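Engineer: Below is the file target18.txt, with compact mmCIF, C-alpha atoms.
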```
# COMPACT_ATOMS: atom_id res chain seq x y z
CA MET A 1 159.37 104.82 -74.72
CA ASN A 2 161.45 102.06 -76.10
CA LYS A 3 161.77 99.48 -73.34
CA LEU A 4 158.21 98.26 -73.78
CA HIS A 5 158.15 98.32 -77.56
CA ALA A 6 161.71 97.33 -78.45
CA GLY A 7 162.38 94.93 -75.62
CA ALA A 8 158.97 93.31 -75.48
CA PHE A 9 157.02 93.87 -78.68
CA ALA A 10 158.63 93.42 -82.10
CA LEU A 11 155.68 93.48 -84.46
CA THR A 12 156.52 92.52 -88.05
CA LEU A 13 154.51 94.65 -90.44
CA VAL A 14 154.49 94.05 -94.19
CA LEU A 15 154.65 97.31 -96.12
CA ALA A 16 152.15 97.72 -98.91
CA GLY A 17 153.52 97.68 -102.45
CA HIS A 18 153.10 100.29 -105.16
CA SER A 19 150.85 98.34 -107.52
CA GLY A 20 149.66 99.51 -110.88
CA LEU A 21 152.94 101.09 -112.01
CA ALA A 22 153.71 100.48 -115.66
CA GLN A 23 157.43 100.21 -114.91
CA GLY A 24 159.27 99.76 -111.64
CA PRO A 25 161.96 102.16 -110.43
CA THR A 26 165.42 101.88 -111.97
CA ASP A 27 168.78 102.19 -110.21
CA LYS A 28 168.96 105.92 -110.96
CA ASP A 29 165.67 106.50 -109.09
CA TYR A 30 167.17 105.26 -105.81
CA PHE A 31 168.91 107.31 -103.16
CA THR A 32 171.57 105.20 -101.41
CA VAL A 33 172.46 106.10 -97.84
CA LEU A 34 176.20 105.63 -98.11
CA GLY A 35 177.83 103.12 -95.77
CA THR A 36 174.55 101.60 -94.55
CA GLY A 37 173.58 99.15 -97.30
CA PHE A 38 170.10 100.69 -97.67
CA ALA A 39 168.45 102.72 -100.41
CA PHE A 40 164.99 104.05 -101.25
CA VAL A 41 163.21 105.61 -104.21
CA ARG A 42 163.76 109.36 -104.13
CA PRO A 43 161.04 111.61 -105.56
CA ALA A 44 162.34 113.65 -108.49
CA SER A 45 161.67 116.93 -106.65
CA TRP A 46 164.07 116.04 -103.82
CA LYS A 47 167.56 117.52 -104.16
CA VAL A 48 170.62 115.61 -102.89
CA GLN A 49 173.99 116.90 -101.68
CA ASN A 50 176.85 114.56 -100.73
CA LEU A 51 178.91 116.49 -98.20
CA LYS A 52 182.02 115.51 -96.25
CA ARG A 53 180.25 114.33 -93.09
CA GLU A 54 176.69 113.81 -94.27
CA GLN A 55 174.26 113.42 -97.14
CA ARG A 56 171.66 116.13 -97.28
CA VAL A 57 168.25 115.81 -98.96
CA THR A 58 166.00 118.82 -99.51
CA ILE A 59 162.23 118.14 -99.47
CA PRO A 60 160.08 120.91 -100.97
CA THR A 61 157.26 122.12 -98.72
CA PRO A 62 154.46 124.65 -99.33
CA ALA A 63 154.93 126.87 -96.27
CA ALA A 64 156.82 130.15 -96.40
CA HIS A 65 159.66 129.11 -94.07
CA GLY A 66 160.54 125.81 -95.84
CA PRO A 67 161.99 123.63 -97.20
CA ALA A 68 162.48 120.58 -94.99
CA ILE A 69 165.96 119.06 -94.80
CA MET A 70 166.85 115.42 -94.11
CA HIS A 71 170.42 114.88 -92.93
CA PHE A 72 171.71 111.31 -93.33
CA TYR A 73 174.63 109.90 -91.35
CA THR A 74 175.93 106.56 -90.15
CA VAL A 75 176.19 105.72 -86.47
CA ASP A 76 178.04 102.87 -84.77
CA TRP A 77 175.53 101.94 -82.03
CA ARG A 78 175.49 98.50 -80.39
CA TYR A 79 173.48 99.34 -77.26
CA SER A 80 169.73 99.00 -76.78
CA THR A 81 167.14 101.22 -78.43
CA SER A 82 166.04 102.49 -75.02
CA ASP A 83 169.63 103.59 -74.34
CA TRP A 84 169.56 105.45 -77.64
CA GLN A 85 166.34 107.21 -76.70
CA ASP A 86 167.90 108.26 -73.39
CA THR A 87 170.73 109.95 -75.28
CA GLN A 88 168.21 111.83 -77.44
CA VAL A 89 166.47 113.16 -74.33
CA GLN A 90 169.82 114.37 -73.01
CA VAL A 91 170.66 116.05 -76.32
CA ALA A 92 167.26 117.78 -76.40
CA SER A 93 167.77 119.04 -72.85
CA GLU A 94 171.19 120.46 -73.69
CA LEU A 95 169.74 122.22 -76.74
CA LYS A 96 166.79 123.49 -74.67
CA ARG A 97 164.30 121.66 -76.87
CA SER A 98 161.14 119.91 -75.67
CA VAL A 99 160.70 116.19 -76.35
CA ASP A 100 157.26 115.79 -77.92
CA ARG A 101 157.30 112.06 -78.54
CA ARG A 102 159.45 108.92 -78.52
CA TRP A 103 158.35 105.79 -80.35
CA GLU A 104 159.25 103.00 -82.77
CA GLU A 105 158.00 101.87 -86.13
CA GLU A 106 159.10 98.90 -88.23
CA ILE A 107 160.26 98.67 -91.83
CA LEU A 108 161.40 95.37 -93.35
CA GLY A 109 161.06 93.94 -89.85
CA ILE A 110 163.68 96.36 -88.48
CA PRO A 111 162.88 98.84 -85.67
CA LEU A 112 163.06 102.48 -86.71
CA VAL A 113 163.65 104.40 -83.46
CA LEU A 114 162.15 107.90 -83.61
CA THR A 115 162.33 111.01 -81.41
CA LYS A 116 160.45 114.24 -82.16
CA THR A 117 161.46 117.49 -80.50
CA SER A 118 160.30 121.08 -80.91
CA GLY A 119 161.87 124.48 -80.33
CA VAL A 120 162.76 127.57 -82.36
CA ASP A 121 165.44 128.00 -85.01
CA ALA A 122 168.09 130.71 -85.22
CA LYS A 123 165.58 133.08 -86.83
CA GLY A 124 163.02 132.55 -84.07
CA VAL A 125 160.72 130.38 -86.21
CA PRO A 126 159.09 127.43 -84.37
CA ASP A 127 160.63 124.25 -85.73
CA VAL A 128 160.58 120.48 -85.40
CA VAL A 129 163.47 118.01 -85.43
CA LEU A 130 162.71 114.32 -86.02
CA THR A 131 165.60 111.92 -85.41
CA GLY A 132 165.41 108.34 -86.67
CA MET A 133 167.85 105.44 -86.25
CA PHE A 134 167.34 102.25 -88.30
CA TYR A 135 168.27 99.50 -85.83
CA SER A 136 169.70 96.97 -88.29
CA ALA A 137 172.25 94.29 -87.43
CA SER A 138 175.23 96.18 -88.81
CA LYS A 139 178.17 98.16 -87.52
CA ASN A 140 177.08 101.35 -89.27
CA LYS A 141 173.39 102.05 -88.81
CA MET A 142 171.42 104.54 -90.83
CA LEU A 143 170.67 107.74 -88.92
CA PHE A 144 168.59 110.61 -90.24
CA ARG A 145 167.59 113.96 -88.83
CA LEU A 146 164.63 115.76 -90.38
CA THR A 147 164.56 119.49 -89.65
CA CYS A 148 161.74 121.77 -90.74
CA PRO A 149 159.52 124.64 -89.61
CA ALA A 150 156.71 123.39 -87.39
CA GLU A 151 154.10 124.40 -89.99
CA ASP A 152 155.76 122.08 -92.55
CA PHE A 153 156.08 118.99 -90.37
CA ASP A 154 152.93 117.14 -91.44
CA VAL A 155 153.85 117.45 -95.12
CA ALA A 156 157.51 116.54 -94.60
CA ASN A 157 156.67 113.66 -92.27
CA LYS A 158 154.33 112.10 -94.84
CA ALA A 159 156.90 112.61 -97.61
CA TRP A 160 159.69 110.62 -95.96
CA HIS A 161 157.22 107.97 -94.73
CA ASP A 162 156.05 107.42 -98.32
CA ALA A 163 159.62 107.25 -99.60
CA PHE A 164 160.70 104.78 -96.89
CA GLN A 165 158.01 102.33 -98.02
CA THR A 166 160.41 101.57 -100.90
CA LEU A 167 163.39 100.97 -98.59
CA ARG A 168 165.55 98.00 -99.59
CA THR A 169 169.06 96.64 -99.24
CA THR A 170 171.63 97.50 -101.88
CA ASP A 171 172.86 93.91 -102.17
CA GLY A 172 169.45 92.20 -102.21
CA SER A 173 170.00 90.49 -98.85
CA LYS A 174 167.33 90.16 -96.17
CA PRO A 175 168.11 92.53 -93.26
CA SER A 176 167.66 91.68 -89.60
CA ALA A 177 167.27 93.66 -86.38
CA ASP A 178 170.27 94.13 -84.11
CA ASP A 179 170.78 92.29 -80.84
CA PRO A 180 173.48 93.91 -78.67
CA SER A 181 173.99 90.64 -76.77
CA LYS A 182 175.28 88.93 -79.93
CA LYS A 183 178.48 89.54 -81.85
CA LEU A 184 178.06 90.76 -85.40
CA THR A 185 179.05 88.34 -88.14
CA PRO A 186 181.89 89.21 -90.56
CA ASP A 187 179.27 90.08 -93.20
CA GLU A 188 177.49 92.43 -90.77
CA LEU A 189 180.78 94.09 -89.86
CA ALA A 190 181.87 94.50 -93.48
CA PRO A 191 181.34 97.78 -95.35
CA LYS A 192 178.00 97.83 -97.14
CA PRO A 193 177.88 98.14 -100.94
CA SER A 194 176.45 101.30 -102.43
CA GLY A 195 175.31 99.68 -105.68
CA PRO A 196 174.49 98.79 -108.31
CA LEU A 197 171.12 97.67 -107.01
CA PRO A 198 169.97 94.18 -108.00
CA VAL A 199 166.71 93.55 -109.81
CA THR A 200 165.11 91.73 -106.87
CA GLN A 201 163.43 94.29 -104.66
CA LEU A 202 162.52 94.24 -101.00
CA GLY A 203 159.84 96.23 -99.19
CA GLY A 204 157.25 98.43 -100.78
CA ALA A 205 158.90 98.68 -104.20
CA GLY A 206 158.35 94.99 -104.85
CA GLN A 207 155.20 93.31 -106.02
CA MET A 208 152.24 93.14 -103.69
CA LYS A 209 152.14 89.90 -101.73
CA LYS A 210 148.93 87.95 -101.34
CA PRO A 211 147.34 88.81 -97.96
CA VAL A 212 147.74 86.21 -95.21
CA LYS A 213 144.49 86.39 -93.24
CA GLY A 214 143.76 84.70 -89.94
CA ALA A 215 141.93 81.38 -90.32
CA VAL A 216 139.44 81.93 -87.49
CA ILE A 217 136.39 83.83 -88.76
CA VAL A 218 134.06 85.79 -86.46
CA PRO A 219 130.83 87.13 -88.05
CA GLY A 220 129.65 90.60 -87.11
CA LYS A 221 127.79 93.64 -88.41
CA ALA A 222 128.67 97.35 -88.62
CA GLY A 223 127.69 100.28 -90.81
CA GLY A 224 124.72 98.32 -92.09
CA LYS A 225 127.04 95.63 -93.46
CA ASN A 226 127.60 92.02 -92.55
CA ALA A 227 131.29 91.50 -91.86
CA LEU A 228 133.78 88.72 -91.21
CA ILE A 229 136.59 89.35 -88.74
CA HIS A 230 139.70 87.22 -89.29
CA LEU A 231 141.72 86.13 -86.23
CA PRO A 232 144.79 83.85 -86.17
CA SER A 233 144.51 80.09 -85.68
CA GLY A 234 144.21 79.13 -82.02
CA TRP A 235 142.18 82.23 -81.12
CA SER A 236 138.49 82.32 -80.24
CA ALA A 237 135.84 85.00 -79.65
CA VAL A 238 132.74 84.79 -77.46
CA ALA A 239 129.92 87.25 -78.17
CA GLN A 240 128.82 89.54 -75.32
CA LYS A 241 125.54 91.31 -74.58
CA ASP A 242 127.04 94.72 -75.43
CA GLY A 243 127.68 93.58 -79.02
CA GLY A 244 131.40 93.02 -78.54
CA TRP A 245 133.44 89.90 -77.95
CA LEU A 246 135.82 88.43 -75.38
CA VAL A 247 138.82 87.14 -77.32
CA THR A 248 141.16 84.46 -76.03
CA GLY A 249 144.55 83.60 -77.49
CA LYS A 250 146.27 80.26 -77.17
CA THR A 251 149.21 81.78 -75.24
CA LEU A 252 147.86 85.18 -74.19
CA THR A 253 147.33 85.68 -70.47
CA GLY A 254 143.80 86.84 -69.76
CA GLN A 255 141.28 88.06 -72.32
CA LEU A 256 141.00 90.86 -74.82
CA THR A 257 137.84 92.77 -75.50
CA MET A 258 137.03 93.28 -79.18
CA SER A 259 134.43 95.44 -80.90
CA LEU A 260 133.52 96.08 -84.54
CA ALA A 261 132.58 99.44 -86.03
CA SER A 262 132.38 101.34 -89.30
CA THR A 263 133.30 104.90 -90.15
CA LEU A 264 129.97 105.09 -92.00
CA ASP A 265 128.03 105.40 -88.74
CA SER A 266 130.68 105.61 -85.97
CA ASP A 267 133.74 107.65 -85.04
CA PRO A 268 136.78 107.83 -87.32
CA VAL A 269 139.30 105.15 -86.41
CA SER A 270 141.77 107.56 -84.81
CA THR A 271 139.04 109.08 -82.63
CA ALA A 272 137.72 105.68 -81.55
CA LEU A 273 141.20 104.47 -80.61
CA LEU A 274 141.91 107.71 -78.75
CA LYS A 275 138.74 107.31 -76.68
CA LEU A 276 139.52 103.67 -75.88
CA SER A 277 143.10 104.47 -74.95
CA GLY A 278 142.02 107.48 -72.90
CA ALA A 279 139.62 105.34 -70.88
CA SER A 280 142.40 102.95 -69.83
CA LEU A 281 144.68 105.83 -68.88
CA SER A 282 142.62 106.35 -65.73
CA ASP A 283 143.83 102.95 -64.47
CA PHE A 284 147.36 104.32 -64.03
CA THR A 285 148.69 106.53 -61.28
CA GLN A 286 151.87 107.04 -63.32
CA VAL A 287 152.75 106.14 -66.93
CA LYS A 288 156.47 105.47 -67.31
CA ASP A 289 156.59 104.35 -70.94
CA ARG A 290 154.34 104.75 -73.96
CA THR A 291 154.73 103.84 -77.60
CA ASP A 292 152.49 104.03 -80.65
CA ILE A 293 152.09 102.21 -83.93
CA ASP A 294 150.68 104.61 -86.52
CA ASP A 295 148.63 103.22 -89.40
CA GLN A 296 151.03 100.44 -90.40
CA PRO A 297 149.87 97.79 -92.92
CA ASN A 298 149.94 94.17 -91.76
CA LYS A 299 150.29 90.98 -93.80
CA ALA A 300 146.52 90.37 -93.75
CA GLY A 301 145.77 93.54 -95.70
CA GLY A 302 144.61 95.57 -92.69
CA HIS A 303 146.08 98.74 -91.23
CA VAL A 304 147.23 98.66 -87.61
CA SER A 305 147.31 101.48 -85.07
CA ALA A 306 148.11 100.73 -81.45
CA VAL A 307 149.01 102.30 -78.10
CA PHE A 308 151.11 100.54 -75.44
CA ARG A 309 151.57 101.84 -71.92
CA SER A 310 153.62 100.63 -68.99
CA GLY A 311 153.39 102.19 -65.55
CA THR A 312 152.16 101.82 -62.01
CA THR A 313 148.88 101.78 -60.12
CA ALA A 314 148.09 101.90 -56.42
CA HIS A 315 148.51 98.12 -56.44
CA GLY A 316 151.67 97.72 -58.50
CA GLN A 317 152.85 97.56 -62.11
CA LEU A 318 150.43 97.62 -65.07
CA THR A 319 150.73 97.21 -68.84
CA SER A 320 147.92 98.18 -71.23
CA PHE A 321 147.31 97.63 -74.93
CA GLU A 322 144.75 99.23 -77.24
CA ALA A 323 144.70 98.67 -80.98
CA ALA A 324 142.62 99.28 -84.08
CA VAL A 325 142.83 97.24 -87.28
CA THR A 326 141.14 98.83 -90.29
CA THR A 327 140.05 97.52 -93.68
CA GLY A 328 138.15 100.03 -95.79
CA ASP A 329 135.42 101.63 -93.67
CA LEU A 330 135.34 98.69 -91.19
CA TYR A 331 137.57 98.45 -88.13
CA VAL A 332 138.01 96.32 -85.02
CA LEU A 333 139.13 97.67 -81.65
CA PHE A 334 141.04 95.68 -79.02
CA HIS A 335 141.75 96.33 -75.36
CA TRP A 336 143.93 94.24 -73.03
CA SER A 337 145.79 94.86 -69.79
CA SER A 338 148.15 92.86 -67.60
CA VAL A 339 149.35 93.20 -64.03
CA GLY A 340 153.10 93.42 -64.36
CA PRO A 341 155.36 93.80 -67.42
CA LEU A 342 154.60 92.44 -70.87
CA THR A 343 155.91 88.85 -70.92
CA GLY A 344 157.56 87.16 -73.87
CA ALA A 345 154.58 84.83 -74.36
CA ASP A 346 152.11 87.72 -74.34
CA ARG A 347 154.34 89.68 -76.68
CA LYS A 348 154.35 86.79 -79.15
CA ALA A 349 150.58 86.41 -78.93
CA LEU A 350 149.88 90.10 -79.57
CA ASN A 351 152.41 90.06 -82.39
CA GLU A 352 150.57 87.16 -84.02
CA LEU A 353 147.19 88.77 -83.50
CA LEU A 354 147.98 92.13 -85.10
CA ALA A 355 149.81 90.54 -88.02
CA GLU A 356 146.81 88.45 -89.17
CA VAL A 357 143.70 90.45 -88.20
CA THR A 358 141.56 91.96 -90.92
CA VAL A 359 137.86 92.54 -91.70
CA ASP A 360 136.01 91.52 -94.85
CA THR A 361 132.53 92.49 -95.99
CA ALA A 362 130.43 89.34 -95.95
CA PRO A 363 128.60 88.29 -99.13
```
Please render this file's structure as structure tokens.
Structural biologist:
Amino acid sequence: MNKLHAGAFALTLVLAGHSGLAQGPTDKDYFTVLGTGFAFVRPASWKVQNLKREQRVTIPTPAAHGPAIMHFYTVDWRYSTSDWQDTQVQVASELKRSVDRRWEEEILGIPLVLTKTSGVDAKGVPDVVLTGMFYSASKNKMLFRLTCPAEDFDVANKAWHDAFQTLRTTDGSKPSADDPSKKLTPDELAPKPSGPLPVTQLGGAGQMKKPVKGAVIVPGKAGGKNALIHLPSGWSAVAQKDGGWLVTGKTLTGQLTMSLASTLDSDPVSTALLKLSGASLSDFTQVKDRTDIDDQPNKAGGHVSAVFRSGTTAHGQLTSFEAAVTTGDLYVLFHWSSVGPLTGADRKALNELLAEVTVDTAP
């Protein structure tokens, strides 16, 4: 699913920092992906091998068939992310593996293009392969392939996610996402340094930034608590009889519906979002593309999960959007749909919304 997410929705999510540490990581704590200009803090239990054609990282797992292995490479890819995903589908077909999911996440504002496949290994053990390409504006992009028994995937998937929250550049520069329509600059074409790492840190290993909350405040109540929902400037919410709101953005076509809930007396966030997304699925006769955002922190201090679909109905093309933004036990749910593809203006509006939404408990 990359055409909808990569081509039309580039949400910038600010990764949460590791606060409360007595001392930050030193250069020796970092694992540098050679040739890419990126490094991350490697847990002490991970073992590293630098081989001729790859770097190999072993991640301990509790199951009998482990461990999990992350293979790191560089790839010279200047086409779109959707083209990349198409190649992964072809590779999976040739290897007789099933494609379980295709999606994108963002780290440091850069798309991380992910494909998960399942099959069986040479010993007949069910396994999972997760392929990720970091779509940075550089000639050599970071590519990893996580391989592990299916029973180990949840543990291994969380382990690399946690480690990647400390991802940073080796030269202290601010990275940017690639655009195949533009030529790379000499600096982007140049080989990337492998160290030493500068003191200034990017991403999750740096200090926690002060949350940037939306200036528009909407009062509500959930879980027996009075709450304040923060929306970006230029947005407004009108209360409805069902207890929800109709939300209007300054550039968003149409209206969103918004509701407020608490895990203290309502469904868990993932269940609530699944129900909301499942209800909109019935509007489609065929879904051509889908992507997910999974529990990503935003700059307002909330955690964002979202589902985007693009497909057709009996009357033509349709795009849908469902999202949940969580702070503590409180969460807001959004639903929006549009006849036709997601436009640039709507993309920008949804980007702005999810970046600044959060919920506070009112005094």
Engineer: As an exercise, work out the distance from atom CA of Ser282 of chain A to atom CA of Leu256 of chain A in Å and give it to one decimal place.
Structural biologist: 18.0 Å
Engineer: Box for segment 133-146 of chain A: with edges along x, y and z, all listed atoms inside and 3 Å added on each side, what are the centre and edge lengths in Å to one decimal, as lines of an AutoDock Vina configuration file?
Structural biologist:
```
center_x = 171.4
center_y = 105.0
center_z = -88.3
size_x = 19.5
size_y = 27.5
size_z = 11.0
```
Engineer: What is the atom CA of Gly220 of chain A to atom CA of Ala272 of chain A distance in Å?
Structural biologist: 18.0 Å
Engineer: Of the residues A:Thr248, A:Ser262, A:Ser118, A:Thr61, which is the one nearest to Leu330 of chain A, using all atoms listed in the file?
Structural biologist: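 Looking at the shortest contact to Leu330 of chain A, the residue is A:Ser262.
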Engineer: A:Gly132, A:Pro297, A:Pro126, A:Gly234: which is nearest Gln165 of chain A, counting only C-alpha atoms?
Structural biologist: A:Pro297
Engineer: Any idea what the distance is between atom CA of Gly340 of chain A and atom CA of Thr319 of chain A?
Structural biologist: 6.3 Å
Engineer: What lies within 7 Å of segment 43-54 of chain A using all atoms listed in the file, ignoring chain neighbours under 5 positions off, as an MDAnalysis selection string?
Structural biologist: chainID A and resid 59:60 71:73
Engineer: Just the residues within 8 Å of Ile110 of chain A, please, counting all atoms listed in the file, with nothing from its chain fewer than 4 positions along; format it as a short mmCIF file (atom, residue, chain, number, x, y, z; two decimals) with C-alpha atoms, in the frame of the given file.
Structural biologist:
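Once written, around_39.cif looks like this:
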```
data_model
loop_
_atom_site.label_atom_id
_atom_site.label_comp_id
_atom_site.auth_asym_id
_atom_site.auth_seq_id
_atom_site.Cartn_x
_atom_site.Cartn_y
_atom_site.Cartn_z
CA GLU A 106 159.10 98.90 -88.23
CA PHE A 134 167.34 102.25 -88.30
CA TYR A 135 168.27 99.50 -85.83
CA SER A 136 169.70 96.97 -88.29
CA PRO A 175 168.11 92.53 -93.26
CA SER A 176 167.66 91.68 -89.60
CA ALA A 177 167.27 93.66 -86.38
#
```
Engineer: Could you pull out every residue with an atom within 10 Å of (162.5, 113.0, -84.7), file coordinates, counting all atoms listed in the file, and send them as a list in words?
Structural biologist: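 Residues close enough to count: Gln88, Val99, Asp100, Arg101, Arg102, Trp103, Val113, Leu114, Thr115, Lys116, Thr117, Ser118, Val128, Val129, Leu130, Thr131, Gly132, Met133, Phe144, Arg145, Leu146, Thr147 and Asn157 of chain A.
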Engineer: Need to verify the contact set: Gly249 of chain A, 12 Å, only C-alpha atoms, exclusion of same-chain residues closer than 3 positions in sequence. Can you return it as a ChimeraX atom specification?
Structural biologist: /A:216,231-238,246,252-257,336,345-354
Engineer: Go through A:Glu104, A:Cys148, A:Ala323, A:Asp187 and flag the residue nearest Ser82 of chain A, using only C-alpha atoms for the distances.
Structural biologist: A:Glu104
Engineer: From the options A:Gly172, A:Gly311, A:Gly243, A:Gly302, which residue's atoms come nearest to Ser337 of chain A, counting all atoms listed in the file?
Structural biologist: A:Gly311
Engineer: Using all atoms listed in the file, which of A:Thr361, A:Thr169, A:Ser93, A:Thr58 sits nearest Tyr30 of chain A?
Structural biologist: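 Nearest to Tyr30 of chain A: A:Thr169.
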Engineer: Pick from A:Val218, A:Ala306, A:Ala163, A:Leu228: nearest to Thr327 of chain A, with all atoms listed in the file counted?
Structural biologist: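 Between A:Val218, A:Ala306, A:Ala163, A:Leu228, the residue approaching Thr327 of chain A most closely is A:Leu228.
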